[in-house]
>>> print(open('entry_28.cif').read())   # mmCIF, C-alpha atoms
data_query
loop_
_atom_site.label_atom_id
_atom_site.label_comp_id
_atom_site.auth_asym_id
_atom_site.auth_seq_id
_atom_site.Cartn_x
_atom_site.Cartn_y
_atom_site.Cartn_z
CA MET A 896 96.72 -156.29 -114.71
CA ILE A 897 96.75 -152.80 -113.16
CA GLN A 898 98.81 -151.64 -116.12
CA LYS A 899 96.16 -152.95 -118.52
CA HIS A 900 93.43 -151.18 -116.59
CA ARG A 901 95.31 -147.92 -116.52
CA GLN A 902 96.00 -148.14 -120.24
CA ARG A 903 92.36 -148.64 -121.01
CA TRP A 904 91.37 -145.77 -118.75
CA VAL A 905 93.88 -143.25 -120.15
CA ILE A 906 93.09 -144.18 -123.75
CA SER A 907 89.33 -143.89 -123.17
CA VAL A 908 89.73 -140.48 -121.54
CA SER A 909 91.88 -139.26 -124.44
CA PHE A 910 89.21 -140.37 -126.92
CA ALA A 911 86.46 -138.69 -124.87
CA ALA A 912 88.51 -135.46 -124.85
CA ALA A 913 88.96 -135.73 -128.63
CA LEU A 914 85.19 -136.18 -129.06
CA LEU A 915 84.58 -133.16 -126.82
CA LEU A 916 86.88 -131.08 -129.03
CA THR A 917 84.99 -132.38 -132.06
CA LEU A 918 81.63 -131.33 -130.61
CA LEU A 919 82.81 -127.88 -129.50
CA PRO A 920 80.93 -125.24 -131.49
CA LEU A 921 83.14 -123.18 -133.81
CA PRO A 922 82.31 -120.01 -135.74
CA ASP A 923 81.08 -120.69 -139.28
CA ALA A 924 84.34 -119.54 -140.88
CA LEU A 925 86.40 -122.02 -138.87
CA ALA A 926 83.98 -124.94 -138.79
CA ALA A 927 85.34 -126.56 -141.95
CA ALA A 928 88.93 -126.30 -140.69
CA ARG A 929 88.25 -128.33 -137.56
CA PRO A 930 91.18 -130.75 -137.11
CA ALA A 931 90.38 -134.47 -137.15
CA TRP A 932 90.93 -134.84 -133.39
CA ILE A 933 89.72 -138.41 -133.06
CA ALA A 934 91.71 -139.66 -136.06
CA MET A 935 94.86 -138.06 -134.61
CA THR A 936 94.28 -139.57 -131.17
CA LEU A 937 93.80 -142.92 -132.85
CA ILE A 938 97.01 -142.55 -134.89
CA TYR A 939 98.99 -141.60 -131.78
CA TRP A 940 97.92 -144.68 -129.84
CA CYS A 941 98.50 -146.92 -132.86
CA LEU A 942 102.05 -145.60 -133.11
CA ALA A 943 102.85 -145.53 -129.40
CA LEU A 944 101.17 -148.74 -128.24
CA PRO A 945 100.64 -150.77 -131.41
CA GLY A 946 98.00 -153.42 -131.01
CA ARG A 947 96.44 -151.77 -127.95
CA VAL A 948 93.80 -149.89 -129.96
CA GLY A 949 93.08 -152.36 -132.72
CA VAL A 950 90.91 -152.06 -135.77
CA GLY A 951 87.91 -153.04 -133.62
CA GLY A 952 88.37 -150.17 -131.18
CA ALA A 953 88.95 -147.74 -134.02
CA TRP A 954 85.80 -148.99 -135.73
CA THR A 955 83.74 -148.41 -132.57
CA ALA A 956 85.15 -144.88 -132.12
CA GLY A 957 84.21 -144.18 -135.74
CA LEU A 958 80.66 -145.38 -135.17
CA LEU A 959 80.32 -142.98 -132.22
CA LEU A 960 81.58 -140.14 -134.39
CA ASP A 961 79.05 -141.06 -137.08
CA ALA A 962 76.24 -140.75 -134.55
CA ALA A 963 77.66 -137.43 -133.33
CA HIS A 964 77.93 -136.06 -136.87
CA GLY A 965 74.56 -137.32 -137.99
CA ALA A 966 76.44 -139.07 -140.81
CA LEU A 967 75.63 -142.41 -142.38
CA LEU A 968 76.36 -145.06 -139.74
CA GLY A 969 79.59 -146.78 -140.75
CA GLN A 970 81.27 -143.97 -142.67
CA HIS A 971 83.85 -143.02 -140.06
CA ALA A 972 83.93 -146.58 -138.73
CA LEU A 973 85.26 -147.65 -142.12
CA SER A 974 87.88 -144.88 -142.29
CA PHE A 975 89.08 -145.34 -138.74
CA ALA A 976 89.46 -149.11 -139.11
CA LEU A 977 91.62 -148.44 -142.20
CA ILE A 978 93.67 -145.76 -140.41
CA ALA A 979 94.27 -148.06 -137.42
CA TYR A 980 95.32 -150.87 -139.74
CA VAL A 981 97.79 -148.79 -141.75
CA ALA A 982 99.18 -146.95 -138.71
CA THR A 983 99.69 -150.22 -136.80
CA ARG A 984 101.32 -151.88 -139.80
CA LEU A 985 103.70 -148.97 -140.40
CA HIS A 986 104.21 -147.88 -136.79
CA LEU A 987 107.93 -148.67 -136.73
CA GLY A 988 108.55 -146.52 -139.79
CA ILE A 989 106.36 -143.57 -138.80
CA ARG A 990 107.54 -143.55 -135.19
CA LEU A 991 111.14 -142.92 -136.21
CA LEU A 992 110.35 -139.95 -138.47
CA PRO A 993 111.12 -136.40 -137.32
CA LEU A 994 108.03 -134.59 -136.05
CA LEU A 995 107.45 -132.56 -139.23
CA GLN A 996 107.60 -135.60 -141.48
CA GLN A 997 105.39 -137.41 -139.01
CA ALA A 998 102.83 -134.60 -139.41
CA LEU A 999 103.04 -135.17 -143.16
CA ALA A 1000 102.36 -138.89 -142.69
CA VAL A 1001 99.40 -138.07 -140.44
CA GLY A 1002 98.10 -135.69 -143.10
CA VAL A 1003 98.36 -138.41 -145.74
CA LEU A 1004 96.50 -140.89 -143.52
CA ILE A 1005 93.71 -138.41 -142.78
CA LEU A 1006 93.43 -137.24 -146.39
CA PHE A 1007 93.31 -140.66 -147.98
CA PHE A 1008 91.43 -142.66 -145.37
CA GLU A 1009 89.07 -140.14 -143.79
CA GLN A 1010 88.44 -137.17 -146.10
CA LEU A 1011 88.51 -138.93 -149.48
CA PRO A 1012 86.17 -141.82 -148.48
CA GLY A 1013 83.91 -139.22 -146.80
CA PHE A 1014 83.80 -137.26 -150.04
CA TRP A 1015 82.98 -140.36 -152.09
CA ILE A 1016 80.29 -141.54 -149.72
CA LYS A 1017 78.65 -138.11 -149.63
CA GLY A 1018 78.97 -137.95 -153.40
CA MET A 1019 77.09 -141.23 -153.72
CA LEU A 1020 74.29 -139.68 -151.62
CA GLN A 1021 74.33 -136.62 -153.93
CA GLN A 1022 75.53 -134.48 -151.03
CA ALA A 1023 79.12 -133.92 -152.14
CA PRO A 1024 80.58 -130.83 -150.47
CA TRP A 1025 81.68 -128.94 -153.58
CA SER A 1026 83.40 -126.26 -151.56
CA LEU A 1027 87.20 -126.45 -151.43
CA SER A 1028 87.06 -125.65 -147.72
CA TYR A 1029 86.06 -129.30 -147.16
CA TRP A 1030 89.73 -130.25 -147.58
CA LEU A 1031 90.93 -127.74 -144.96
CA ALA A 1032 90.65 -130.40 -142.23
CA THR A 1033 93.83 -132.10 -143.49
CA PRO A 1034 96.22 -129.09 -143.26
CA ALA A 1035 94.58 -128.11 -139.96
CA SER A 1036 95.26 -131.58 -138.57
CA MET A 1037 98.87 -131.46 -139.76
CA LEU A 1038 99.32 -128.11 -138.03
CA VAL A 1039 98.05 -129.29 -134.66
CA TRP A 1040 99.68 -132.75 -134.81
CA PRO A 1041 102.72 -131.65 -132.71
CA VAL A 1042 100.33 -130.42 -129.99
CA VAL A 1043 98.42 -133.70 -129.98
CA TYR A 1044 101.68 -135.66 -130.05
CA PHE A 1045 103.27 -133.87 -127.07
CA THR A 1046 100.05 -133.83 -125.02
CA LEU A 1047 99.44 -137.54 -125.44
CA ARG A 1048 103.12 -138.39 -124.95
CA HIS A 1049 103.06 -136.42 -121.73
CA ALA A 1050 99.97 -138.33 -120.60
CA ARG A 1051 101.56 -141.63 -121.59
CA ARG A 1052 104.74 -140.90 -119.61
CA ARG A 1053 102.89 -139.40 -116.66
CA TYR A 1054 100.82 -142.57 -116.27
CA ARG A 1055 103.79 -144.76 -117.29
CA LEU A 1056 102.02 -146.69 -120.02
CA ALA A 1057 104.55 -148.93 -121.72
CA MET B 96 107.05 -165.57 -114.68
CA ARG B 97 104.70 -166.24 -117.48
CA GLN B 98 102.31 -163.66 -116.12
CA ARG B 99 104.97 -160.95 -116.23
CA PHE B 100 106.04 -161.70 -119.75
CA GLU B 101 102.54 -161.55 -121.08
CA GLY B 102 102.19 -157.97 -120.01
CA GLN B 103 105.41 -156.86 -121.63
CA MET B 104 105.87 -158.89 -124.74
CA LYS B 105 103.58 -159.34 -127.64
CA PRO B 106 102.57 -162.94 -128.05
CA LEU B 107 104.38 -164.65 -130.89
CA PHE B 108 101.24 -166.30 -132.22
CA GLN B 109 98.22 -164.12 -131.88
CA ARG B 110 95.01 -165.73 -130.91
CA GLY B 111 91.91 -164.97 -132.88
CA PRO B 112 91.72 -163.87 -136.50
CA SER B 113 94.61 -161.86 -137.94
CA ILE B 114 94.44 -158.08 -138.08
CA THR B 115 93.97 -158.11 -141.86
CA LEU B 116 91.04 -160.50 -141.64
CA ARG B 117 89.50 -158.44 -138.86
CA LEU B 118 89.90 -155.30 -140.97
CA LEU B 119 88.17 -156.94 -143.93
CA ILE B 120 85.28 -158.15 -141.79
CA LEU B 121 84.83 -154.73 -140.18
CA MET B 122 84.99 -152.98 -143.55
CA LEU B 123 82.31 -155.25 -144.96
CA LEU B 124 80.21 -154.66 -141.86
CA ALA B 125 80.63 -150.88 -142.19
CA VAL B 126 79.60 -150.94 -145.85
CA ALA B 127 76.59 -153.13 -145.07
CA MET B 128 75.59 -150.74 -142.28
CA MET B 129 75.90 -147.72 -144.54
CA ALA B 130 73.70 -149.35 -147.16
CA THR B 131 71.12 -150.34 -144.54
CA ASP B 132 71.17 -146.91 -142.93
CA HIS B 133 70.70 -145.23 -146.28
CA ARG B 134 67.80 -147.39 -147.41
CA SER B 135 65.85 -148.05 -144.24
CA ALA B 136 65.28 -146.95 -140.67
CA ARG B 137 66.32 -150.33 -139.27
CA LEU B 138 69.46 -148.94 -137.61
CA GLU B 139 67.64 -146.13 -135.78
CA PRO B 140 67.71 -147.98 -132.41
CA LEU B 141 71.50 -148.38 -132.74
CA ARG B 142 71.85 -144.71 -133.59
CA ALA B 143 69.66 -143.77 -130.63
CA GLY B 144 71.91 -145.83 -128.35
CA LEU B 145 75.05 -144.15 -129.69
CA MET B 146 73.48 -140.71 -129.35
CA LEU B 147 72.56 -141.59 -125.78
CA LEU B 148 76.24 -142.37 -125.11
CA ILE B 149 77.26 -139.02 -126.57
CA SER B 150 74.54 -136.89 -124.95
CA PRO B 151 76.53 -136.26 -121.71
CA LEU B 152 79.32 -134.81 -123.84
CA HIS B 153 76.81 -132.59 -125.61
CA TYR B 154 75.63 -131.32 -122.25
CA ILE B 155 79.21 -130.67 -121.08
CA VAL B 156 80.04 -128.74 -124.26
CA ASN B 157 76.85 -126.74 -123.87
CA LEU B 158 77.42 -125.95 -120.19
CA PRO B 159 79.34 -122.64 -120.55
CA PHE B 160 76.81 -121.33 -123.07
CA ALA B 161 73.86 -122.34 -120.90
CA ALA B 162 75.52 -120.68 -117.89
CA GLY B 163 76.06 -117.52 -119.93
CA MET B 164 72.40 -117.48 -120.89
CA ARG B 165 71.35 -117.93 -117.25
CA LEU B 166 73.57 -115.04 -116.25
CA ARG B 167 72.15 -112.83 -118.98
CA ASP B 168 68.61 -113.76 -117.94
CA ALA B 169 69.41 -112.85 -114.35
CA PHE B 170 70.50 -109.39 -115.39
CA VAL B 171 67.59 -108.67 -117.70
CA SER B 172 67.21 -104.93 -117.54
CA ARG B 173 64.13 -103.17 -116.30
CA THR B 174 63.45 -101.57 -119.67
CA SER B 175 63.58 -104.80 -121.61
CA PHE B 176 61.29 -106.37 -119.02
CA ASP B 177 58.81 -103.55 -119.46
CA ARG B 178 59.09 -103.85 -123.21
CA LEU B 179 58.38 -107.58 -123.01
CA ARG B 180 55.34 -106.98 -120.82
CA GLU B 181 53.95 -104.46 -123.29
CA GLU B 182 54.62 -106.81 -126.15
CA ARG B 183 52.81 -109.58 -124.32
CA LEU B 184 49.77 -107.41 -123.73
CA ALA B 185 49.62 -106.44 -127.39
CA LEU B 186 49.95 -110.07 -128.44
CA MET B 187 47.26 -111.19 -125.98
CA ALA B 188 44.90 -108.63 -127.45
CA ARG B 189 45.63 -109.95 -130.93
CA VAL B 190 45.18 -113.56 -129.83
CA GLN B 191 41.71 -112.79 -128.48
CA ARG B 192 40.65 -111.61 -131.89
CA TYR B 193 42.41 -114.57 -133.49
CA GLU B 194 40.47 -117.05 -131.37
CA ALA B 195 37.18 -115.56 -132.45
CA LEU B 196 38.36 -115.69 -136.06
CA GLU B 197 39.40 -119.31 -135.71
CA VAL B 198 35.98 -120.32 -134.43
CA GLU B 199 34.37 -118.43 -137.25
CA ASN B 200 36.71 -120.02 -139.77
CA GLN B 201 35.90 -123.49 -138.49
CA ARG B 202 32.17 -122.80 -138.71
CA LEU B 203 32.54 -121.57 -142.27
CA ARG B 204 34.60 -124.62 -143.18
CA GLU B 205 31.92 -126.85 -141.72
CA LEU B 206 29.34 -125.04 -143.80
CA LEU B 207 31.48 -125.63 -146.88
CA GLN B 208 31.85 -129.29 -145.88
CA SER B 209 35.62 -129.03 -146.08
CA SER B 210 38.05 -130.50 -143.60
CA VAL B 211 38.37 -128.77 -140.27
CA ARG B 212 41.83 -127.54 -139.46
CA VAL B 213 42.94 -127.76 -135.91
CA GLY B 214 46.06 -126.61 -134.15
CA GLY B 215 48.46 -128.77 -132.25
CA ARG B 216 50.42 -129.01 -129.05
CA THR B 217 53.82 -127.30 -128.90
CA SER B 218 56.77 -127.59 -126.59
CA VAL B 219 59.95 -125.53 -126.33
CA ALA B 220 63.28 -127.29 -126.93
CA GLU B 221 66.76 -125.88 -126.67
CA ILE B 222 69.44 -126.24 -129.34
CA ILE B 223 72.52 -127.81 -127.78
CA ALA B 224 74.72 -128.23 -130.84
CA VAL B 225 74.68 -126.68 -134.26
CA ASP B 226 77.53 -127.41 -136.64
CA LEU B 227 77.74 -131.18 -136.49
CA ASP B 228 79.04 -131.18 -140.01
CA PRO B 229 79.68 -127.80 -141.62
CA PHE B 230 78.39 -129.04 -144.98
CA LYS B 231 75.02 -130.06 -143.63
CA ARG B 232 72.38 -128.06 -141.84
CA GLN B 233 71.59 -130.06 -138.72
CA ILE B 234 71.02 -129.23 -135.09
CA VAL B 235 70.81 -131.24 -131.86
CA LEU B 236 67.95 -130.57 -129.44
CA ASN B 237 67.79 -131.25 -125.73
CA LYS B 238 64.53 -133.21 -125.97
CA GLY B 239 64.17 -136.80 -127.07
CA MET B 240 62.08 -139.94 -126.86
CA ARG B 241 61.38 -139.27 -123.18
CA ASP B 242 59.58 -136.06 -124.13
CA GLY B 243 57.54 -137.70 -126.86
CA VAL B 244 59.64 -136.43 -129.77
CA ARG B 245 59.30 -138.58 -132.86
CA ILE B 246 60.93 -138.79 -136.28
CA GLY B 247 59.42 -136.45 -138.85
CA GLN B 248 58.09 -134.00 -136.33
CA PRO B 249 57.98 -130.38 -137.55
CA LEU B 250 60.07 -127.73 -135.86
CA LEU B 251 59.13 -124.04 -135.73
CA ASP B 252 60.35 -120.81 -134.28
CA ALA B 253 58.57 -117.53 -133.65
CA HIS B 254 58.76 -116.59 -137.34
CA GLY B 255 58.21 -119.74 -139.33
CA ILE B 256 59.13 -123.32 -140.17
CA LEU B 257 62.63 -124.35 -139.15
CA GLY B 258 62.98 -128.01 -140.06
CA GLN B 259 62.09 -131.52 -139.01
CA VAL B 260 63.35 -134.16 -136.58
CA ILE B 261 65.37 -136.92 -138.26
CA HIS B 262 66.90 -138.95 -135.42
CA VAL B 263 65.60 -139.46 -131.89
CA ALA B 264 67.60 -140.65 -128.87
CA PRO B 265 66.24 -141.01 -125.33
CA TYR B 266 67.34 -137.53 -124.17
CA THR B 267 68.36 -135.76 -127.36
CA SER B 268 67.23 -135.59 -130.95
CA SER B 269 68.68 -134.19 -134.13
CA ALA B 270 66.83 -132.19 -136.73
CA LEU B 271 67.37 -131.27 -140.36
CA LEU B 272 66.91 -127.58 -141.19
CA ILE B 273 64.94 -126.55 -144.26
CA THR B 274 68.13 -125.04 -145.74
CA ASP B 275 69.91 -128.43 -145.86
CA PRO B 276 70.56 -129.38 -149.49
CA SER B 277 68.72 -132.69 -149.01
CA HIS B 278 65.55 -131.05 -147.69
CA ALA B 279 62.49 -130.28 -149.80
CA LEU B 280 59.30 -128.64 -148.57
CA PRO B 281 56.00 -128.18 -150.44
CA VAL B 282 55.08 -124.53 -150.32
CA GLN B 283 52.42 -122.20 -151.65
CA VAL B 284 52.65 -118.54 -152.58
CA LEU B 285 50.29 -116.80 -150.16
CA ARG B 286 49.29 -114.12 -152.68
CA ASN B 287 47.90 -116.44 -155.37
CA GLY B 288 48.06 -120.01 -154.08
CA LEU B 289 50.76 -121.09 -156.57
CA ARG B 290 52.17 -124.46 -155.40
CA THR B 291 55.80 -125.52 -155.71
CA LEU B 292 58.70 -127.11 -153.83
CA ALA B 293 61.34 -125.28 -151.81
CA PHE B 294 64.75 -126.97 -151.64
CA GLY B 295 67.50 -126.14 -149.18
CA GLY B 296 70.31 -124.08 -150.63
CA GLY B 297 73.00 -125.48 -148.32
CA ALA B 298 75.83 -123.07 -147.66
CA SER B 299 73.91 -120.06 -148.90
CA HIS B 300 71.35 -120.14 -146.02
CA ARG B 301 68.67 -119.78 -148.67
CA LEU B 302 65.87 -121.74 -150.26
CA ASP B 303 65.78 -122.58 -153.97
CA LEU B 304 62.54 -122.94 -155.92
CA PRO B 305 63.74 -124.72 -159.07
CA TYR B 306 60.42 -125.92 -160.51
CA LEU B 307 58.72 -122.68 -161.43
CA ALA B 308 58.04 -122.00 -165.11
CA ASN B 309 59.33 -118.80 -166.67
CA ASN B 310 55.83 -117.41 -166.86
CA ALA B 311 54.85 -118.29 -163.31
CA ASP B 312 53.26 -115.50 -161.33
CA ILE B 313 55.90 -114.91 -158.69
CA GLN B 314 57.75 -111.77 -157.68
CA PRO B 315 60.25 -110.69 -155.04
CA GLY B 316 58.60 -110.08 -151.69
CA ASP B 317 55.98 -112.84 -152.07
CA LEU B 318 55.43 -114.77 -148.85
CA LEU B 319 55.73 -118.54 -149.11
CA VAL B 320 53.71 -120.65 -146.68
CA SER B 321 53.71 -124.40 -146.17
CA SER B 322 51.01 -126.08 -148.24
CA GLY B 323 50.63 -129.09 -145.95
CA LEU B 324 50.46 -131.44 -148.94
CA ASP B 325 53.32 -133.54 -147.55
CA GLY B 326 51.17 -134.56 -144.59
CA ARG B 327 54.12 -133.82 -142.34
CA PHE B 328 54.28 -130.05 -141.99
CA PRO B 329 51.08 -128.25 -140.96
CA ALA B 330 49.62 -125.97 -143.61
CA ASP B 331 49.82 -122.17 -143.70
CA TYR B 332 52.95 -121.60 -141.62
CA PRO B 333 55.36 -119.04 -143.07
CA VAL B 334 58.43 -120.56 -144.76
CA GLY B 335 60.18 -117.66 -146.45
CA ARG B 336 59.98 -114.57 -148.60
CA VAL B 337 60.99 -114.60 -152.26
CA ALA B 338 64.28 -112.71 -152.50
CA ASN B 339 65.01 -112.68 -156.20
CA VAL B 340 63.57 -113.99 -159.45
CA THR B 341 65.84 -114.36 -162.48
CA LEU B 342 64.14 -115.01 -165.79
CA ASP B 343 66.21 -116.38 -168.67
CA PRO B 344 64.22 -117.05 -171.86
CA ASN B 345 66.68 -119.81 -172.80
CA GLU B 346 65.94 -121.79 -169.66
CA PRO B 347 62.72 -123.74 -169.16
CA PHE B 348 62.50 -122.76 -165.50
CA ALA B 349 62.93 -119.48 -163.65
CA LYS B 350 65.67 -119.13 -161.05
CA VAL B 351 63.92 -118.23 -157.82
CA SER B 352 65.45 -118.04 -154.37
CA ALA B 353 63.86 -117.19 -151.04
CA GLU B 354 65.03 -115.97 -147.66
CA PRO B 355 63.79 -118.27 -144.83
CA SER B 356 61.40 -116.60 -142.38
CA ALA B 357 62.68 -118.52 -139.39
CA ALA B 358 65.83 -117.18 -137.74
CA LEU B 359 67.72 -120.34 -138.70
CA GLU B 360 71.17 -119.30 -137.52
CA ARG B 361 70.24 -117.12 -134.59
CA ASN B 362 68.01 -119.29 -132.42
CA ARG B 363 68.64 -120.96 -129.12
CA GLU B 364 65.11 -122.10 -128.52
CA VAL B 365 62.79 -123.75 -130.97
CA LEU B 366 59.21 -125.02 -130.88
CA LEU B 367 58.42 -128.68 -131.40
CA LEU B 368 54.94 -129.16 -132.85
CA TRP B 369 52.65 -132.14 -132.40
CA PRO B 370 50.07 -131.55 -135.10
CA GLU B 371 46.72 -133.10 -134.33
CA GLN B 372 45.44 -135.63 -136.81
CA PRO B 373 43.93 -133.54 -139.57
CA GLY B 374 40.35 -134.29 -140.54
CA ALA B 375 41.47 -134.62 -144.15
CA ALA B 376 42.94 -138.06 -143.54
CA ALA B 377 39.61 -139.33 -142.21
CA ASP B 378 37.78 -137.85 -145.21
CA MET B 379 40.04 -139.61 -147.65
CA SER B 380 39.76 -142.99 -146.01
CA ALA B 381 35.98 -142.81 -145.90
CA PRO B 382 34.25 -144.75 -148.68
CA ARG B 383 33.28 -142.51 -151.54
CA SER B 384 29.63 -142.52 -152.52
CA PRO B 385 29.12 -142.95 -156.27
#
>>> encode(input="entry_28.cif", output="structure tokens")
Amino acid sequence: MIQKHRQRWVISVSFAAALLLTLLPLPDALAAARPAWIAMTLIYWCLALPGRVGVGGAWTAGLLLDAAHGALLGQHALSFALIAYVATRLHLGIRLLPLLQQALAVGVLILFFEQLPGFWIKGMLQQAPWSLSYWLATPASMLVWPVVYFTLRHARRRYRLA
Amino acid sequence: MRQRFEGQMKPLFQRGPSITLRLLILMLLAVAMMATDHRSARLEPLRAGLMLLISPLHYIVNLPFAAGMRLRDAFVSRTSFDRLREERLALMARVQRYEALEVENQRLRELLQSSVRVGGRTSVAEIIAVDLDPFKRQIVLNKGMRDGVRIGQPLLDAHGILGQVIHVAPYTSSALLITDPSHALPVQVLRNGLRTLAFGGGASHRLDLPYLANNADIQPGDLLVSSGLDGRFPADYPVGRVANVTLDPNEPFAKVSAEPSAALERNREVLLLWPEQPGAAADMSAPRSP
């Protein structure tokens, strides 16, 4: 019971930290290359504790991000539910990969389930970001994935979450 | 025994719907919400609730910047203080004349039987977040429903029109800047009264005026003011200055772009305006005599 509580607490704090990093103002030149912090946090927990953050939790986190971004409500909810589903389904495979290949897998997840749907949805609203810098978020996320991975693994071991 | 196993092992048969079914339901729900959010304002209360949940994070992120501003204010130098006092005196002198002019203008308008223009109440709000999405032009303000902010409210700064409020939460609100690609604003050239629409240029921090004919009387340096025809923005506030006009005889319309008057990217404080109900609305609703 205590274990369950602690899990919930640590996971919530990690998501709040990811949201904080998402809201942090960046200079104009770097703003487009902001890594997908929340998606990465979500992927980590789906790999480390599959089933703990389900599609429902991911969906809720996405809805919060939509409100924070001023985006259409449901856009990130949709992507995050998909990411959680795929990451949970494939967690055994992805977990065993070396870190660099894992970063590649994370990049693929973010590109195909967050950036591409975002591009389509904005395109349908006639607001497609025609600048190539829109796609910078994927390589940026791949670059910082090791940092996210080690930080969250440290937290998971420190608080002895199974 | 059973208790201990439940914590460690995944149950063999999961209760509730399967993960795939849950995913499908949530995806359908998300798509339905997007459609609803796009077409109507029915989800605004939900958005307000979510923004309320996020607002503490906005305040935390803003804390170092706010502290920096406080510190800078505390060390305002003597000379800049003196300069501000002089500036205030000069402005006060100008306002005195302006008040007399306004009264005179109202009297003349009454004589001409045209609608009386009145000012509105303003309130200062602080910007607490800027780049929500780098491909949109939106800002978050530290005032919300509790301060009487409402959707569609115009936003100004010391130099001109900045944008309008699009979402309101209890303690915060978000606003769309006039340079957002989805924003259009009815404007008028101050020099000759030519009416047109100014669209946001997005990444370029500029305004585009796409609906001006090749022979329209417009030239670089012309001041654009709001025309007030939208019934949302008050009339006669500066919007921007025409930066360049490109005429191509092969195109039906001229390519005109303008530099916004408001310091869109350099503000920390903005003015929220509550325009008073213009007399024009009452005139229009009154029965017309044959």
>>> resolve_selection(input="entry_28.cif", expression="the PyMOL selection byres ((chain B) within 9 of (chain A))", output="CSV table (one decimal) with C-alpha atoms, in the frame of the given file")
chain,number,residue,atom,x,y,z
B,102,GLY,CA,102.2,-158.0,-120.0
B,103,GLN,CA,105.4,-156.9,-121.6
B,105,LYS,CA,103.6,-159.3,-127.6
B,114,ILE,CA,94.4,-158.1,-138.1
B,115,THR,CA,94.0,-158.1,-141.9
B,117,ARG,CA,89.5,-158.4,-138.9
B,118,LEU,CA,89.9,-155.3,-141.0
B,121,LEU,CA,84.8,-154.7,-140.2
B,122,MET,CA,85.0,-153.0,-143.6
B,123,LEU,CA,82.3,-155.2,-145.0
B,124,LEU,CA,80.2,-154.7,-141.9
B,125,ALA,CA,80.6,-150.9,-142.2
B,126,VAL,CA,79.6,-150.9,-145.8
B,127,ALA,CA,76.6,-153.1,-145.1
B,128,MET,CA,75.6,-150.7,-142.3
B,129,MET,CA,75.9,-147.7,-144.5
B,130,ALA,CA,73.7,-149.4,-147.2
B,131,THR,CA,71.1,-150.3,-144.5
B,132,ASP,CA,71.2,-146.9,-142.9
B,133,HIS,CA,70.7,-145.2,-146.3
B,138,LEU,CA,69.5,-148.9,-137.6
B,142,ARG,CA,71.8,-144.7,-133.6
B,143,ALA,CA,69.7,-143.8,-130.6
B,145,LEU,CA,75.0,-144.2,-129.7
B,146,MET,CA,73.5,-140.7,-129.4
B,148,LEU,CA,76.2,-142.4,-125.1
B,149,ILE,CA,77.3,-139.0,-126.6
B,150,SER,CA,74.5,-136.9,-125.0
B,152,LEU,CA,79.3,-134.8,-123.8
B,153,HIS,CA,76.8,-132.6,-125.6
B,155,ILE,CA,79.2,-130.7,-121.1
B,156,VAL,CA,80.0,-128.7,-124.3
B,157,ASN,CA,76.8,-126.7,-123.9
B,224,ALA,CA,74.7,-128.2,-130.8
B,225,VAL,CA,74.7,-126.7,-134.3
B,226,ASP,CA,77.5,-127.4,-136.6
B,227,LEU,CA,77.7,-131.2,-136.5
B,228,ASP,CA,79.0,-131.2,-140.0
B,229,PRO,CA,79.7,-127.8,-141.6
B,230,PHE,CA,78.4,-129.0,-145.0
B,231,LYS,CA,75.0,-130.1,-143.6
B,233,GLN,CA,71.6,-130.1,-138.7
B,262,HIS,CA,66.9,-139.0,-135.4
B,269,SER,CA,68.7,-134.2,-134.1
B,276,PRO,CA,70.6,-129.4,-149.5
B,277,SER,CA,68.7,-132.7,-149.0
>>> resolve_selection(input="entry_28.cif", expression="the PyMOL selection byres ((chain B and resi 252-257) around 7)", output="PyMOL selection string")
chain B and resi 250-251+258+272-273+332-334+356-357+359+365-366
>>> atom_distance(input="entry_28.cif", atom1="CA of Arg1055 (chain A)", atom2="CA of Ile897 (chain A)")
11.5 Å
>>> atom_distance(input="entry_28.cif", atom1="CA of Gly952 (chain A)", atom2="CA of Leu147 (chain B)")
18.8 Å
>>> resolve_selection(input="entry_28.cif", expression="the PyMOL selection byres ((chain B and resi 289) around 12)", output="MDAnalysis selection string")
chainID B and resid 281:288 290:292 304 306:308 311:314 317:322
>>> atom_distance(input="entry_28.cif", atom1="CA of Leu280 (chain B)", atom2="CA of Arg361 (chain B)")
21.2 Å
>>> residues_near_point(input="entry_28.cif", point="(101.4, -131.8, -141.0)", cutoff="12 Å", atoms="only C-alpha atoms", output="ChimeraX atom specification")
/A:930-931,935,993-1006,1031-1044
>>> residues_around(input="entry_28.cif", residues="Ile246 (chain B)", least_positions_apart="4", cutoff="8 Å", atoms="only C-alpha atoms", output="PyMOL selection string")
chain B and resi 259-263
>>> build_atoms(input="entry_28.cif", residues="region 939-943 of chain A", atoms="N, CA and C atoms", output="PDB file, in the coordinates of the input")
ATOM      1  N   TYR A 939      97.972-141.631-132.839  1.00  0.00           N
ATOM      2  CA  TYR A 939      98.990-141.600-131.780  1.00  0.00           C
ATOM      3  C   TYR A 939      99.053-142.933-131.043  1.00  0.00           C
ATOM      4  N   TRP A 940      97.901-143.439-130.627  1.00  0.00           N
ATOM      5  CA  TRP A 940      97.920-144.680-129.840  1.00  0.00           C
ATOM      6  C   TRP A 940      98.372-145.864-130.689  1.00  0.00           C
ATOM      7  N   CYS A 941      98.042-145.825-131.987  1.00  0.00           N
ATOM      8  CA  CYS A 941      98.500-146.920-132.860  1.00  0.00           C
ATOM      9  C   CYS A 941     100.005-146.900-133.021  1.00  0.00           C
ATOM     10  N   LEU A 942     100.595-145.686-132.982  1.00  0.00           N
ATOM     11  CA  LEU A 942     102.050-145.600-133.110  1.00  0.00           C
ATOM     12  C   LEU A 942     102.738-145.924-131.792  1.00  0.00           C
ATOM     13  N   ALA A 943     102.175-145.409-130.681  1.00  0.00           N
ATOM     14  CA  ALA A 943     102.850-145.530-129.400  1.00  0.00           C
ATOM     15  C   ALA A 943     102.671-146.913-128.777  1.00  0.00           C
TER      16      ALA A 943
END
